[in-house]
Amino acid sequence: MSVATAPTAQHTRITGLLAATVSTDHKRMGLTVGACSLFFFLLGGVFALLMRTQLAQPDMRLVSDNSYNQLFTMHGSTMIYLFVTPMAIAMAMYLIPLQIGAVGLSGARLALAGLWTWLCGGLVMQQGWFASGGAGRDGWSSYAPLSNGTNTPGVGQDLWVIGVILAAAGMTVMAACVLATVARRRAPRMSLLRMPVFTWTGLVSVLMVVGAFPILVLALVLLYIDRHGGHIYTGFTGAIDYQDLFWFFGHPVVYVMFFPYLGAAAEAIAVCSHKRWFGYTAFVVSIMAFAALSMSVWSHHMYVTGGVTNQYFAFTSTALLVPAGIEYFDAVGTLVGGSIVLRTSMLFALTFFIQFLIGGLSGIFVASPVLDYQAYGTYIVVAHFHYTLFAGSIFGFFAGVYHWFPKITGAFLRESLGKLQLALMVIGTNLTFFPMFFLGNDGMPRRISRYPTHPGWGTLNLLESIGAGIIALGVLVFLINILVSLRRRVPAGDDPWLGHTLEWATSSPPPPLNFERPLPPIRSYAPLLDLRLEELDRARERREVTSSG
Amino acid sequence: MVPALVSTRSEYDHLFSIYVPIAVGVFLLIAIVVVVTVVVFRRRPVEGAARWHENNLLEGSYALLLACVAAFLLYLTFTAEHRVDTVANRERAAVTVDVTASKWEWTFTYPAYGFAVHSGTVGRQPLVVPAGEPVRFNLTSADVIHSFWIPALRYKHDAIPGSTQVATLLFSGGVFAGQCAEFCGLRHADMIFTVHAVRPAEFVAWAHRQGTGTTP
């Protein structure tokens with residue numbers, strides 16, 4: 001009797017907008033966060049296009065200095081707090097319970113509260129546009145004392161502070177629920193070392209969120225108090241303390257914005273190579289090492305402040321190349337000997353690895369204090385982190401979208417449109433971000449609303465602006481692809497790619513409780529591949545028996 | 001033997017000439033390996049896909065190799081950093097300039113000569129220094145964080161309110177652009193200055209004229 005009278009929200013069938021608002025189904029919540037993040041991606045993209053228009057030629061004054069400062073602030077803030085990070089959490093929230101054979105998310109109601117807190121944060125931040133004096137305008141890092149009440153008065157910056165606090169708190173709660181799910185709700189026999197590669201990358205990410213995001217909340221609560229007469233971040237130590245606190249969050253978040261997309265690319269590569277991910281143990285150790293190191297590299301953002309021990313942070317930052325190298329080794333090891341199919345997901349995953357490499361190698365460059373004395377605060381840094389976040393993470397994201405879209409919707413995305421999108425995005429990305437290395441080295445600082453006529457700068461900036469337009473076209477093709485594929489559905493079935501992991505062992509889209517059929521036996525991190533190989537061996541044996549008999 | 005003066009530019013160029021070729025080489029190597037692998041293993045029969053999936057000895061050795069590369073790069077970096085941040089500041093400076101950054105201009109004070117020049121928001125009055133001799137800058141800020149950057153010297157350092165920090169730089173003769181490299185509010189883009197590095201005798205003559213209030 002008690003069984004019958006204990007329906008949870010997960011059991012109740014609710015649909016439409018209501019489902020998006022109140023459902024505690026991890027899939028609904030993941031999709032809601034994902035859809036909202038995608039909206040913020042488009043919004044942040046519009047800000048970027050406006051900036052690129054202003055910078056297309058020297059001394060343009062399409063927008064005022066004040067507006068430009070708001071645009072770059074809100075571009076960075078929107079992309080980081082409202083798109084790349086929450087999208088990573090959304091993917092983890094949607095996929096991890098499926099991959100570990102769980103029926104739902106631990107603390108699902110809490111996660112729902114986190115979702116709304118995050119979304120409110122995003123909306124509060126964007127409301128700054130309607131404030132007198134404009135939106136937040138001190139950059140996504142909003143250093144004190146520039147961001148205090150004297151230097152940046154006004155409601156817009158307050159809304160930015162409150163918005164980021166809410167967004168970060170909401171994401172912390174959502175991440176904590178994913179972490180608890182991995183800890184407590186794995187299917188029987190799903191040991192930690194049988195969790196899929198994506199789950200591991202997601203786990204490491206939510207671990208970093210839980211460790212680092214509360215520090216951001218703290219730093220910004222103190223900033224809010226400071227802005228309203230509190231005098232917290234004063235003098236030299238105050239300025240350094242803010243940066244220490246901010247980057248203690250700000251560097252781990254860089255890897256939160258990287259790992260799940262690495263995991264997505266890894267799953268796409270393994271499945272499209274028909275071979276399980278190479279070097280699983282080394283990979284798990286390397287991402288754990290990566291995460292541990294990433295909590296101790298933050299002050300490489302502060303080499304030029306004179307307030308930190310540069311050599312220590314140069315050491316930890318450069319050491320990151322070891323685990324990063326292992327990941328590349330594993331990717332290549334997976335390809336070798338495989339049976340490779342170049343689907344859109346695979347192509348995005350491969351370009352993720354190759355383009356991210358430019359971000360990673362330039363990261364080793366800026367990890368050296370002497371080289372950073374030139375690179376810091378210039379377009380070299382802008383090029384570097386856009387190669388990691390855009391040319392890297394976003395390509396990994398699209399690899400994941402093309403890989404899991406059939407699972408989420410039951411229909412394929414169009415391959416031809418996908419490849420067109422890829423081509424546009426590869427051209428656009430490199431045209432936009434590569435010239436920035438030269439501009440930075442030649443003396444162009446970031447965050448300037450105008451630049452003087454200087455040999456070569458006009459041309460390079462124009463190329464970048466054209467590139468940004470091509471990226472926008474690529475994103476447009478993606479949106480069209482989604483619309484077309486949902487309108488004229490090409491049914492995909494439950495397991496169109498010969499998947500390796502448990503999410504492919506249920507229907508597409510998965511039912512409310514994820515698995516209606518019994519789970520396949522879990523003996524490794526690729527249980528479905530195990531089944532397929534056993535089947536293959538049995539067939540081979542049968543053939544041998546018949547041919548010899 | 002007098003040790004050579006530390007030049008930020010040549011320290012940077014030296015590191016650059018090692019870091020960048022390694023990076024380009026690694027990029028090309030990995031890109032080629034990926035492309036070749038994909039071409040070779042494309043469209044093989046699914047049943048024929050290899051089943052091996054781990055080689056911890058190989059990966060361990062690879063990690064060791066990577067660690068050696070990291071150690072090599074760190075050795076180079078630490079050596080250069082020591083020279084730029086420590087050795088340079090021990091050199092006997094030919095002239096000291098107190099730099100005060102403020103929204104949105106630079107004030108360069110020459111304490112030995114008792115005068116100051118203001119860059120003005122768009123860099124009208126130049127910072128004049130002797131070429132070929134160490135110049136000591138004491139950096140501070142009157143309001144928010146700014147960053148004193150001379151791109152041609154490959155060097156910048158923050159000017160932070162409440163602190164005075166020292167940087168010793170060596171200029172070759174010529175005219176250089178300088179710029180604030182830390183976002184400092186509304187007119188950050190205009191916070192530029194010009195450096196004139198002139199022969200030492202010329203510098204002294206200029207400084208004396210400034211000190212007595214006559215413009216050059």
# chains A, B, ... in the order shown; residues from 1 in each chain; ligands from 1

$ select_by_dssp --residues "range 56-202 of chain B" --states "helix (DSSP H, G or I)" --output "PDB file with N, CA and C atoms, in the first residue's frame"
ATOM      1  N   ASN B  56      49.753   0.847 -19.947  1.00  0.00           N
ATOM      2  CA  ASN B  56      50.146   1.790 -18.904  1.00  0.00           C
ATOM      3  C   ASN B  56      51.643   2.054 -18.878  1.00  0.00           C
ATOM      4  N   LEU B  57      52.423   1.091 -19.324  1.00  0.00           N
ATOM      5  CA  LEU B  57      53.870   1.303 -19.364  1.00  0.00           C
ATOM      6  C   LEU B  57      54.199   2.400 -20.370  1.00  0.00           C
ATOM      7  N   LEU B  58      53.575   2.279 -21.546  1.00  0.00           N
ATOM      8  CA  LEU B  58      53.790   3.268 -22.598  1.00  0.00           C
ATOM      9  C   LEU B  58      53.332   4.652 -22.130  1.00  0.00           C
ATOM     10  N   GLU B  59      52.166   4.687 -21.511  1.00  0.00           N
ATOM     11  CA  GLU B  59      51.645   5.980 -21.063  1.00  0.00           C
ATOM     12  C   GLU B  59      52.487   6.567 -19.941  1.00  0.00           C
ATOM     13  N   GLY B  60      52.970   5.690 -19.063  1.00  0.00           N
ATOM     14  CA  GLY B  60      53.835   6.151 -17.982  1.00  0.00           C
ATOM     15  C   GLY B  60      55.107   6.775 -18.533  1.00  0.00           C
ATOM     16  N   SER B  61      55.709   6.098 -19.527  1.00  0.00           N
ATOM     17  CA  SER B  61      56.936   6.631 -20.124  1.00  0.00           C
ATOM     18  C   SER B  61      56.658   7.968 -20.796  1.00  0.00           C
ATOM     19  N   TYR B  62      55.493   8.028 -21.459  1.00  0.00           N
ATOM     20  CA  TYR B  62      55.114   9.257 -22.142  1.00  0.00           C
ATOM     21  C   TYR B  62      54.951  10.394 -21.125  1.00  0.00           C
ATOM     22  N   ALA B  63      54.314  10.079 -19.984  1.00  0.00           N
ATOM     23  CA  ALA B  63      54.135  11.090 -18.939  1.00  0.00           C
ATOM     24  C   ALA B  63      55.492  11.572 -18.432  1.00  0.00           C
ATOM     25  N   LEU B  64      56.433  10.644 -18.315  1.00  0.00           N
ATOM     26  CA  LEU B  64      57.776  10.994 -17.859  1.00  0.00           C
ATOM     27  C   LEU B  64      58.449  11.943 -18.852  1.00  0.00           C
ATOM     28  N   LEU B  65      58.289  11.633 -20.135  1.00  0.00           N
ATOM     29  CA  LEU B  65      58.845  12.491 -21.184  1.00  0.00           C
ATOM     30  C   LEU B  65      58.250  13.893 -21.086  1.00  0.00           C
ATOM     31  N   LEU B  66      56.914  13.942 -20.898  1.00  0.00           N
ATOM     32  CA  LEU B  66      56.250  15.236 -20.765  1.00  0.00           C
ATOM     33  C   LEU B  66      56.763  15.991 -19.550  1.00  0.00           C
ATOM     34  N   ALA B  67      56.972  15.262 -18.454  1.00  0.00           N
ATOM     35  CA  ALA B  67      57.477  15.900 -17.237  1.00  0.00           C
ATOM     36  C   ALA B  67      58.855  16.501 -17.498  1.00  0.00           C
ATOM     37  N   CYS B  68      59.681  15.810 -18.290  1.00  0.00           N
ATOM     38  CA  CYS B  68      61.010  16.343 -18.621  1.00  0.00           C
ATOM     39  C   CYS B  68      60.879  17.631 -19.435  1.00  0.00           C
ATOM     40  N   VAL B  69      59.940  17.642 -20.387  1.00  0.00           N
ATOM     41  CA  VAL B  69      59.719  18.851 -21.183  1.00  0.00           C
ATOM     42  C   VAL B  69      59.306  20.003 -20.265  1.00  0.00           C
ATOM     43  N   ALA B  70      58.372  19.699 -19.334  1.00  0.00           N
ATOM     44  CA  ALA B  70      57.920  20.734 -18.400  1.00  0.00           C
ATOM     45  C   ALA B  70      59.092  21.245 -17.570  1.00  0.00           C
ATOM     46  N   ALA B  71      59.934  20.332 -17.102  1.00  0.00           N
ATOM     47  CA  ALA B  71      61.077  20.731 -16.280  1.00  0.00           C
ATOM     48  C   ALA B  71      62.030  21.625 -17.075  1.00  0.00           C
ATOM     49  N   PHE B  72      62.252  21.270 -18.338  1.00  0.00           N
ATOM     50  CA  PHE B  72      63.132  22.055 -19.200  1.00  0.00           C
ATOM     51  C   PHE B  72      62.584  23.475 -19.383  1.00  0.00           C
ATOM     52  N   LEU B  73      61.293  23.563 -19.690  1.00  0.00           N
ATOM     53  CA  LEU B  73      60.676  24.874 -19.892  1.00  0.00           C
ATOM     54  C   LEU B  73      60.725  25.704 -18.608  1.00  0.00           C
ATOM     55  N   LEU B  74      60.496  25.024 -17.475  1.00  0.00           N
ATOM     56  CA  LEU B  74      60.507  25.752 -16.200  1.00  0.00           C
ATOM     57  C   LEU B  74      61.896  26.251 -15.863  1.00  0.00           C
ATOM     58  N   TYR B  75      62.908  25.448 -16.190  1.00  0.00           N
ATOM     59  CA  TYR B  75      64.286  25.880 -15.942  1.00  0.00           C
ATOM     60  C   TYR B  75      64.570  27.174 -16.709  1.00  0.00           C
ATOM     61  N   LEU B  76      64.203  27.183 -17.995  1.00  0.00           N
ATOM     62  CA  LEU B  76      64.427  28.382 -18.811  1.00  0.00           C
ATOM     63  C   LEU B  76      63.664  29.576 -18.255  1.00  0.00           C
ATOM     64  N   THR B  77      62.399  29.314 -17.894  1.00  0.00           N
ATOM     65  CA  THR B  77      61.544  30.385 -17.403  1.00  0.00           C
ATOM     66  C   THR B  77      62.057  30.967 -16.090  1.00  0.00           C
ATOM     67  N   PHE B  78      62.452  30.069 -15.170  1.00  0.00           N
ATOM     68  CA  PHE B  78      62.917  30.541 -13.867  1.00  0.00           C
ATOM     69  C   PHE B  78      64.193  31.362 -14.013  1.00  0.00           C
ATOM     70  N   THR B  79      65.077  30.933 -14.905  1.00  0.00           N
ATOM     71  CA  THR B  79      66.312  31.680 -15.123  1.00  0.00           C
ATOM     72  C   THR B  79      65.999  33.086 -15.623  1.00  0.00           C
ATOM     73  N   ALA B  80      65.119  33.157 -16.628  1.00  0.00           N
ATOM     74  CA  ALA B  80      64.779  34.459 -17.207  1.00  0.00           C
ATOM     75  C   ALA B  80      64.059  35.325 -16.172  1.00  0.00           C
ATOM     76  N   GLU B  81      63.151  34.708 -15.423  1.00  0.00           N
ATOM     77  CA  GLU B  81      62.373  35.465 -14.449  1.00  0.00           C
ATOM     78  C   GLU B  81      63.279  36.042 -13.364  1.00  0.00           C
ATOM     79  N   HIS B  82      64.249  35.246 -12.940  1.00  0.00           N
ATOM     80  CA  HIS B  82      65.187  35.720 -11.930  1.00  0.00           C
ATOM     81  C   HIS B  82      65.926  36.960 -12.432  1.00  0.00           C
ATOM     82  N   ARG B  83      66.335  36.921 -13.689  1.00  0.00           N
ATOM     83  CA  ARG B  83      67.074  38.062 -14.224  1.00  0.00           C
ATOM     84  C   ARG B  83      66.186  39.308 -14.331  1.00  0.00           C
ATOM     85  N   VAL B  84      64.966  39.109 -14.829  1.00  0.00           N
ATOM     86  CA  VAL B  84      64.089  40.268 -15.035  1.00  0.00           C
ATOM     87  C   VAL B  84      63.625  40.852 -13.699  1.00  0.00           C
ATOM     88  N   ASP B  85      63.286  39.974 -12.743  1.00  0.00           N
ATOM     89  CA  ASP B  85      62.677  40.467 -11.500  1.00  0.00           C
ATOM     90  C   ASP B  85      63.677  40.756 -10.389  1.00  0.00           C
ATOM     91  N   THR B  86      64.829  40.115 -10.413  1.00  0.00           N
ATOM     92  CA  THR B  86      65.760  40.288  -9.297  1.00  0.00           C
ATOM     93  C   THR B  86      67.053  40.963  -9.733  1.00  0.00           C
ATOM     94  N   VAL B  87      67.736  40.350 -10.704  1.00  0.00           N
ATOM     95  CA  VAL B  87      69.039  40.883 -11.110  1.00  0.00           C
ATOM     96  C   VAL B  87      68.908  42.323 -11.605  1.00  0.00           C
ATOM     97  N   ALA B  88      67.881  42.573 -12.421  1.00  0.00           N
ATOM     98  CA  ALA B  88      67.716  43.915 -12.990  1.00  0.00           C
ATOM     99  C   ALA B  88      67.556  44.958 -11.887  1.00  0.00           C
ATOM    100  N   ASN B  89      66.818  44.590 -10.828  1.00  0.00           N
ATOM    101  CA  ASN B  89      66.578  45.570  -9.763  1.00  0.00           C
ATOM    102  C   ASN B  89      67.792  45.784  -8.864  1.00  0.00           C
ATOM    103  N   ARG B  90      68.806  44.926  -9.021  1.00  0.00           N
ATOM    104  CA  ARG B  90      70.044  45.145  -8.257  1.00  0.00           C
ATOM    105  C   ARG B  90      71.013  46.051  -8.999  1.00  0.00           C
ATOM    106  N   PRO B 151      55.049  47.775 -24.978  1.00  0.00           N
ATOM    107  CA  PRO B 151      55.068  46.550 -25.796  1.00  0.00           C
ATOM    108  C   PRO B 151      56.439  46.249 -26.403  1.00  0.00           C
ATOM    109  N   ALA B 152      57.156  47.280 -26.864  1.00  0.00           N
ATOM    110  CA  ALA B 152      58.436  47.030 -27.523  1.00  0.00           C
ATOM    111  C   ALA B 152      59.457  46.434 -26.556  1.00  0.00           C
ATOM    112  N   LEU B 153      59.266  46.696 -25.260  1.00  0.00           N
ATOM    113  CA  LEU B 153      60.182  46.145 -24.257  1.00  0.00           C
ATOM    114  C   LEU B 153      59.714  44.785 -23.751  1.00  0.00           C
ATOM    115  N   HIS B 188      39.858  53.874 -20.631  1.00  0.00           N
ATOM    116  CA  HIS B 188      41.019  52.978 -20.624  1.00  0.00           C
ATOM    117  C   HIS B 188      41.749  52.992 -21.974  1.00  0.00           C
ATOM    118  N   ALA B 189      40.980  53.036 -23.051  1.00  0.00           N
ATOM    119  CA  ALA B 189      41.591  52.980 -24.386  1.00  0.00           C
ATOM    120  C   ALA B 189      42.515  54.164 -24.644  1.00  0.00           C
ATOM    121  N   ASP B 190      42.243  55.285 -23.966  1.00  0.00           N
ATOM    122  CA  ASP B 190      43.025  56.499 -24.232  1.00  0.00           C
ATOM    123  C   ASP B 190      44.217  56.654 -23.301  1.00  0.00           C
ATOM    124  N   PRO B 200      72.275  59.470 -23.275  1.00  0.00           N
ATOM    125  CA  PRO B 200      72.330  59.917 -21.876  1.00  0.00           C
ATOM    126  C   PRO B 200      72.633  61.402 -21.723  1.00  0.00           C
ATOM    127  N   ALA B 201      73.559  61.920 -22.510  1.00  0.00           N
ATOM    128  CA  ALA B 201      73.912  63.340 -22.375  1.00  0.00           C
ATOM    129  C   ALA B 201      72.713  64.217 -22.727  1.00  0.00           C
ATOM    130  N   GLU B 202      72.026  63.795 -23.774  1.00  0.00           N
ATOM    131  CA  GLU B 202      70.829  64.520 -24.203  1.00  0.00           C
ATOM    132  C   GLU B 202      69.780  64.496 -23.102  1.00  0.00           C
TER     133      GLU B 202
END

$ residues_around --residues "Ala94 in chain B" --least-positions-apart "5" --cutoff "7 Å" --atoms "only C-alpha atoms" --output "list of chain:residue names"
B:Glu133, B:Pro134, B:Val135

$ write_last_selection --atoms "C-alpha atoms" --output "mmCIF file, in the first residue's frame"
data_model
loop_
_atom_site.group_PDB
_atom_site.id
_atom_site.type_symbol
_atom_site.label_atom_id
_atom_site.label_comp_id
_atom_site.auth_asym_id
_atom_site.auth_seq_id
_atom_site.Cartn_x
_atom_site.Cartn_y
_atom_site.Cartn_z
ATOM 1 C CA GLU B 133 71.271 52.586 -19.154
ATOM 2 C CA PRO B 134 69.053 50.948 -16.524
ATOM 3 C CA VAL B 135 66.030 53.092 -15.695
#

$ closest_residue --among "A:Ser286, A:Gly250, A:Val63, A:Trp160" --to "Tyr224 in chain A" --atoms "only C-alpha atoms"
A:Trp160

$ atom_distance --atom1 "CA of Val99 in chain B" --atom2 "CA of Leu139 in chain B"
4.9 Å

$ atom_distance --atom1 "CA of Leu218 in chain A" --atom2 "CA of Ala319 in chain A"
28.8 Å

$ closest_residue --among "B:His118, B:His53, B:Arg209, B:Arg9" --to "chain A" --atoms "only C-alpha atoms"
B:His53

$ closest_residue --among "B:Val117, B:Leu169, B:Val144, B:Val129" --to "chain A" --atoms "only C-alpha atoms"
B:Val144

$ residues_around --residues "range 105-118 of chain A" --least-positions-apart "3" --cutoff "6 Å" --atoms "only C-alpha atoms" --output "PyMOL selection string"
chain A and resi 24+26+121+166-167+170+173-174+177+180-181

$ closest_residue --among "A:Ala399, A:Leu216, A:Ile448, A:Leu361" --to "Asp65 in chain A" --atoms "only C-alpha atoms"
A:Ile448

$ residues_around --residues "range 382-389 of chain A" --least-positions-apart "3" --cutoff "10 Å" --atoms "only C-alpha atoms" --output "ChimeraX atom specification"
/A:79-80,84,254-255,257-258,261,352-353,355-363,365-366,375-379,392-396,429-430,432-440,445-447
